[in-house]
Amino acid sequence: MLTQSRRFTVTAKRAFAMISAHARPMANLLRGRPVLATFQVTLRCNSACGYCDLPLNQGRYELTREEIRGIFGQLYTEGIRFVLVQGGEPLLRTDLVDILSDLSLLGLQVTVITNGTRLTTDLVARFASLRLPLSVSLDTLDRARYRQIRGADQLPQVLAGLSLLVQYPYPKFLTCIVSEVNREEVPDVVRFAKARGFIPVVGAYHWNVGLYGKEDTGLMYGRSAAAGLFELLLKEDLIPPGYFRHFVKDSAVWLRGERLEPCDAGRYSIAIDASGQVSACLAMPGVGNLREVPYREILGRFDRTQIQVCSDCSSCNRLDGRVVGTILRHPVTAWRTPVRFQ
């Protein structure tokens with residue numbers, strides 16, 4: 001039985017640990033340092049999306065599970081708390097669940113972003129045991145359009161995977177990227193998502209934005225027509241309140257050629273590729289590898305002028321580079337954001 005003095009010591013240690021866990025990320029927000037990392041756990045992919053220009057399937061080095069655990073342990077001490085785990089296709093890594101477990105045990109809040117083609121009953125159960133938010137990409141419900149957009153005939157696999165998530169108890173998102181091929185169908189995809197308890201996240205296809213997004217003449221849209229689609233989603237109240245509705249509004253603003261609020265890539269967020277190379281966002285070149293260069297030195301290498309120019313030109317409205325800053329600037333909007341549909 002604990003004595004009163006011993007009980008006080010244990011309580012004080014727990015309180016100190018809790019304060020320490022929150023103090024560094026809060027200090028980062030005040031100082032303009034990253035709290036979110038987008039992590040490409042693999043650059044292998046089983047799709048060939050027309051709008052993707054990431055350096056996939058090039059046989060480059062992938063961090064081992066042990067290296068990932070060590071790197072993200074250091075990033076945690078530096079105030080990183082949120083990690084978006086994506087690819088390529090992350091489910092192609094056979095050790096993915098072990099990696100996710102390691103990241104969760106470090107205290108990081110992890111979201112898995114997948115194309116949904118390789119979901120299984122066992123994987124879903126293991127994700128649930130880790131209480132992970134999941135984001136599944138789905139641009140269309142038409143098999144021929146899916147094949148045209150994604151470069152692979154995999155819609156049946158995705159729909160089967162989504163069916164396994166109907167009762168998933170943790171936040172789940174369905175991300176739809178608007179292109180000319182699926183533009184008129186997007187409202188139906190949003191309704192499909194909401195009917196199955198997914199929060200719909202609708203973004204715009206970007207091309208020629210730094211290193212990100214390639215020109216695909218079959219997918220490229222007229223900006224006014226695409227803006228009209230985002231405005232329709234808002235008018236018909238298809239997007240839930242909070243951040244994701246704000247994101248749709250930003251998409252319409254961007255497509256009309258108007259200036260967005262500042263992009264905070266490299267400030268509140270960073271991107272890390274499968275080899276450990278760090279960049280301000282996926283659209284920008286790497287500035288150092290965490291296997292070789294100290295994290296703080298890497299932060300000092302970001303070209304802030306380049307980031308500012310990119311932001312001022314409203315060249316994109318990528319969610320991962322803008323989400324933290326938008327939440328800070330619009331706390332009421334953030335508070336209204338749902339984490340699930342019933």
# chains A, B, ... in the order shown; residues from 1 in each chain; ligands from 1

call {"tool": "residues_around", "arguments": {"residues": "A:Pro169", "least_positions_apart": "3", "cutoff": "9 Å", "atoms": "only C-alpha atoms", "output": "PDB file with all heavy atoms, in the first residue's frame"}}
result
ATOM      1  N   ALA A 128      -7.748  -0.847 -35.293  1.00  0.00           N
ATOM      2  CA  ALA A 128      -8.681  -0.485 -34.219  1.00  0.00           C
ATOM      3  C   ALA A 128      -8.039  -0.677 -32.848  1.00  0.00           C
ATOM      4  O   ALA A 128      -8.271   0.116 -31.927  1.00  0.00           O
ATOM      5  CB  ALA A 128      -9.959  -1.306 -34.334  1.00  0.00           C
ATOM      6  N   ARG A 131      -6.314   2.263 -32.079  1.00  0.00           N
ATOM      7  CA  ARG A 131      -7.203   3.447 -32.069  1.00  0.00           C
ATOM      8  C   ARG A 131      -6.779   4.481 -33.111  1.00  0.00           C
ATOM      9  O   ARG A 131      -6.772   5.691 -32.845  1.00  0.00           O
ATOM     10  CB  ARG A 131      -7.241   4.066 -30.669  1.00  0.00           C
ATOM     11  CG  ARG A 131      -7.686   3.098 -29.592  1.00  0.00           C
ATOM     12  CD  ARG A 131      -7.810   3.773 -28.243  1.00  0.00           C
ATOM     13  NE  ARG A 131      -8.320   2.847 -27.240  1.00  0.00           N
ATOM     14  CZ  ARG A 131      -8.673   3.185 -25.998  1.00  0.00           C
ATOM     15  NH1 ARG A 131      -8.526   4.456 -25.613  1.00  0.00           N
ATOM     16  NH2 ARG A 131      -9.140   2.290 -25.170  1.00  0.00           N
ATOM     17  N   LEU A 165     -14.955  -1.250 -42.893  1.00  0.00           N
ATOM     18  CA  LEU A 165     -14.807  -0.106 -41.981  1.00  0.00           C
ATOM     19  C   LEU A 165     -16.148   0.490 -41.552  1.00  0.00           C
ATOM     20  O   LEU A 165     -16.170   1.502 -40.848  1.00  0.00           O
ATOM     21  CB  LEU A 165     -13.974   0.987 -42.660  1.00  0.00           C
ATOM     22  CG  LEU A 165     -12.525   0.617 -42.964  1.00  0.00           C
ATOM     23  CD1 LEU A 165     -11.867   1.711 -43.801  1.00  0.00           C
ATOM     24  CD2 LEU A 165     -11.738   0.393 -41.675  1.00  0.00           C
ATOM     25  N   VAL A 166     -17.246  -0.127 -41.938  1.00  0.00           N
ATOM     26  CA  VAL A 166     -18.565   0.433 -41.613  1.00  0.00           C
ATOM     27  C   VAL A 166     -18.723   0.617 -40.109  1.00  0.00           C
ATOM     28  O   VAL A 166     -19.254   1.632 -39.642  1.00  0.00           O
ATOM     29  CB  VAL A 166     -19.684  -0.459 -42.183  1.00  0.00           C
ATOM     30  CG1 VAL A 166     -21.049  -0.011 -41.654  1.00  0.00           C
ATOM     31  CG2 VAL A 166     -19.683  -0.416 -43.709  1.00  0.00           C
ATOM     32  N   LYS A 172     -12.714   8.187 -39.228  1.00  0.00           N
ATOM     33  CA  LYS A 172     -12.428   7.649 -40.557  1.00  0.00           C
ATOM     34  C   LYS A 172     -12.848   8.677 -41.588  1.00  0.00           C
ATOM     35  O   LYS A 172     -13.897   9.302 -41.485  1.00  0.00           O
ATOM     36  CB  LYS A 172     -13.145   6.313 -40.783  1.00  0.00           C
ATOM     37  CG  LYS A 172     -14.641   6.351 -40.578  1.00  0.00           C
ATOM     38  CD  LYS A 172     -15.250   4.964 -40.697  1.00  0.00           C
ATOM     39  CE  LYS A 172     -16.778   5.022 -40.540  1.00  0.00           C
ATOM     40  NZ  LYS A 172     -17.399   3.683 -40.653  1.00  0.00           N
ATOM     41  N   ARG A 340     -16.468  12.060 -36.270  1.00  0.00           N
ATOM     42  CA  ARG A 340     -17.120  10.912 -36.905  1.00  0.00           C
ATOM     43  C   ARG A 340     -18.574  11.252 -37.188  1.00  0.00           C
ATOM     44  O   ARG A 340     -19.158  12.179 -36.618  1.00  0.00           O
ATOM     45  CB  ARG A 340     -17.046   9.671 -36.008  1.00  0.00           C
ATOM     46  CG  ARG A 340     -17.735   9.826 -34.657  1.00  0.00           C
ATOM     47  CD  ARG A 340     -17.741   8.492 -33.929  1.00  0.00           C
ATOM     48  NE  ARG A 340     -16.405   7.981 -33.739  1.00  0.00           N
ATOM     49  CZ  ARG A 340     -15.638   8.280 -32.688  1.00  0.00           C
ATOM     50  NH1 ARG A 340     -16.092   9.107 -31.766  1.00  0.00           N
ATOM     51  NH2 ARG A 340     -14.443   7.798 -32.570  1.00  0.00           N
TER      52      ARG A 340
END

call {"tool": "closest_atom_pairs", "arguments": {"of": "stretch 33-83 of chain A", "to": "stretch 288-296 of chain A", "cutoff": "9 Å", "atoms": "only C-alpha atoms", "output": "tab-separated table"}}
result
residue	atom	partner	partner_atom	distance
A:Glu67	CA	A:Arg291	CA	8.1
A:Ile71	CA	A:Leu290	CA	7.0
A:Gln74	CA	A:Tyr295	CA	8.4
A:Leu75	CA	A:Tyr295	CA	7.8
A:Glu78	CA	A:Tyr295	CA	8.5

call {"tool": "closest_residue", "arguments": {"among": "A:Leu91, A:Val323, A:Ile239, A:Val309", "to": "A:Pro338", "atoms": "only C-alpha atoms"}}
result
A:Ile239

call {"tool": "select_by_dssp", "arguments": {"residues": "stretch 159-223 of chain A", "states": "strand (DSSP E or B)", "output": "PyMOL selection string"}}
result
chain A and resi 172-178+199-204+209+212

call {"tool": "closest_residue", "arguments": {"among": "A:Leu108, A:Ile68, A:Ala23, A:Cys52", "to": "A:Gly151", "atoms": "only C-alpha atoms"}}
result
A:Cys52

call {"tool": "residues_around", "arguments": {"residues": "A:Val253", "least_positions_apart": "6", "cutoff": "12 Å", "atoms": "only C-alpha atoms", "output": "list in words"}}
result
Ala204, Arg223, Ser224, Ala226, Ala227, Gly228, Phe230, Glu231, His246, Phe247, Arg259, Leu260, Glu261, Ser314, Ser315, Cys316 and Asn317 of chain A

call {"tool": "write_last_selection", "arguments": {"atoms": "C-alpha atoms", "output": "PDB file, in the first residue's frame"}}
result
ATOM      1  CA  ALA A 204      -8.460  19.742 -55.833  1.00  0.00           C
ATOM      2  CA  ARG A 223     -10.588  26.325 -62.994  1.00  0.00           C
ATOM      3  CA  SER A 224     -13.988  28.048 -63.121  1.00  0.00           C
ATOM      4  CA  ALA A 226     -13.928  23.145 -60.741  1.00  0.00           C
ATOM      5  CA  ALA A 227     -14.592  26.173 -58.523  1.00  0.00           C
ATOM      6  CA  GLY A 228     -18.281  25.781 -59.319  1.00  0.00           C
ATOM      7  CA  PHE A 230     -16.704  23.276 -54.669  1.00  0.00           C
ATOM      8  CA  GLU A 231     -19.246  26.073 -54.391  1.00  0.00           C
ATOM      9  CA  HIS A 246     -13.175  25.573 -44.497  1.00  0.00           C
ATOM     10  CA  PHE A 247     -10.856  23.472 -46.685  1.00  0.00           C
ATOM     11  CA  ARG A 259      -4.895  34.628 -52.387  1.00  0.00           C
ATOM     12  CA  LEU A 260      -5.162  32.149 -49.554  1.00  0.00           C
ATOM     13  CA  GLU A 261      -4.066  32.572 -45.967  1.00  0.00           C
ATOM     14  CA  SER A 314      -1.673  30.462 -54.091  1.00  0.00           C
ATOM     15  CA  SER A 315      -0.085  27.685 -56.085  1.00  0.00           C
ATOM     16  CA  CYS A 316      -1.933  25.043 -54.079  1.00  0.00           C
ATOM     17  CA  ASN A 317      -4.012  24.517 -50.957  1.00  0.00           C
TER      18      ASN A 317
END

call {"tool": "closest_residue", "arguments": {"among": "A:Asp303, A:Asp142, A:Glu66, A:Asp237", "to": "A:Val189", "atoms": "only C-alpha atoms"}}
result
A:Asp142

call {"tool": "closest_residue", "arguments": {"among": "A:Gln308, A:Ser179, A:Thr117, A:Ser135", "to": "A:Val201", "atoms": "only C-alpha atoms"}}
result
A:Ser135

call {"tool": "residues_around", "arguments": {"residues": "A:Leu219", "least_positions_apart": "3", "cutoff": "7 Å", "atoms": "only C-alpha atoms", "output": "list in words"}}
result
Ser179, Glu180, Val181 and Asp216 of chain A

call {"tool": "residues_around", "arguments": {"residues": "A:Tyr51", "least_positions_apart": "4", "cutoff": "8 Å", "atoms": "only C-alpha atoms", "output": "list of chain:residue names"}}
result
A:Ile149, A:Tyr205, A:His206, A:Trp207, A:Gly213, A:Lys214, A:Glu215, A:Asp216, A:Leu219

call {"tool": "write_last_selection", "arguments": {"atoms": "N, CA and C atoms", "output": "PDB file, in the first residue's frame"}}
result
ATOM      1  N   ILE A 149      -8.453   7.257 -63.660  1.00  0.00           N
ATOM      2  CA  ILE A 149      -7.815   8.165 -62.698  1.00  0.00           C
ATOM      3  C   ILE A 149      -6.638   7.501 -61.999  1.00  0.00           C
ATOM      4  N   TYR A 205      -7.248  18.652 -57.597  1.00  0.00           N
ATOM      5  CA  TYR A 205      -6.075  18.165 -58.323  1.00  0.00           C
ATOM      6  C   TYR A 205      -5.180  19.366 -58.645  1.00  0.00           C
ATOM      7  N   HIS A 206      -3.917  19.285 -58.218  1.00  0.00           N
ATOM      8  CA  HIS A 206      -2.935  20.330 -58.509  1.00  0.00           C
ATOM      9  C   HIS A 206      -1.907  19.791 -59.489  1.00  0.00           C
ATOM     10  N   TRP A 207      -1.480  20.602 -60.395  1.00  0.00           N
ATOM     11  CA  TRP A 207      -0.388  20.182 -61.276  1.00  0.00           C
ATOM     12  C   TRP A 207       0.611  21.325 -61.413  1.00  0.00           C
ATOM     13  N   GLY A 213       2.556  16.907 -58.445  1.00  0.00           N
ATOM     14  CA  GLY A 213       1.454  16.963 -59.409  1.00  0.00           C
ATOM     15  C   GLY A 213       1.926  17.072 -60.833  1.00  0.00           C
ATOM     16  N   LYS A 214       1.525  16.120 -61.671  1.00  0.00           N
ATOM     17  CA  LYS A 214       1.934  16.153 -63.069  1.00  0.00           C
ATOM     18  C   LYS A 214       0.745  16.509 -63.950  1.00  0.00           C
ATOM     19  N   GLU A 215       1.050  16.973 -65.118  1.00  0.00           N
ATOM     20  CA  GLU A 215      -0.002  17.309 -66.074  1.00  0.00           C
ATOM     21  C   GLU A 215      -0.561  16.033 -66.702  1.00  0.00           C
ATOM     22  N   ASP A 216      -1.848  15.843 -66.565  1.00  0.00           N
ATOM     23  CA  ASP A 216      -2.543  14.743 -67.227  1.00  0.00           C
ATOM     24  C   ASP A 216      -3.715  15.366 -67.962  1.00  0.00           C
ATOM     25  N   LEU A 219      -7.207  14.536 -67.039  1.00  0.00           N
ATOM     26  CA  LEU A 219      -7.694  14.888 -65.703  1.00  0.00           C
ATOM     27  C   LEU A 219      -7.781  16.395 -65.479  1.00  0.00           C
TER      28      LEU A 219
END

call {"tool": "closest_residue", "arguments": {"among": "A:Trp335, A:Tyr268, A:Phe302, A:Phe72", "to": "A:Arg33", "atoms": "only C-alpha atoms"}}
result
A:Tyr268

call {"tool": "select_by_dssp", "arguments": {"residues": "stretch 80-291 of chain A", "states": "helix (DSSP H, G or I)", "output": "ChimeraX atom specification"}}
result
/A:90-92,96-105,121-129,143-150,155-163,183-195,223-235,243-255
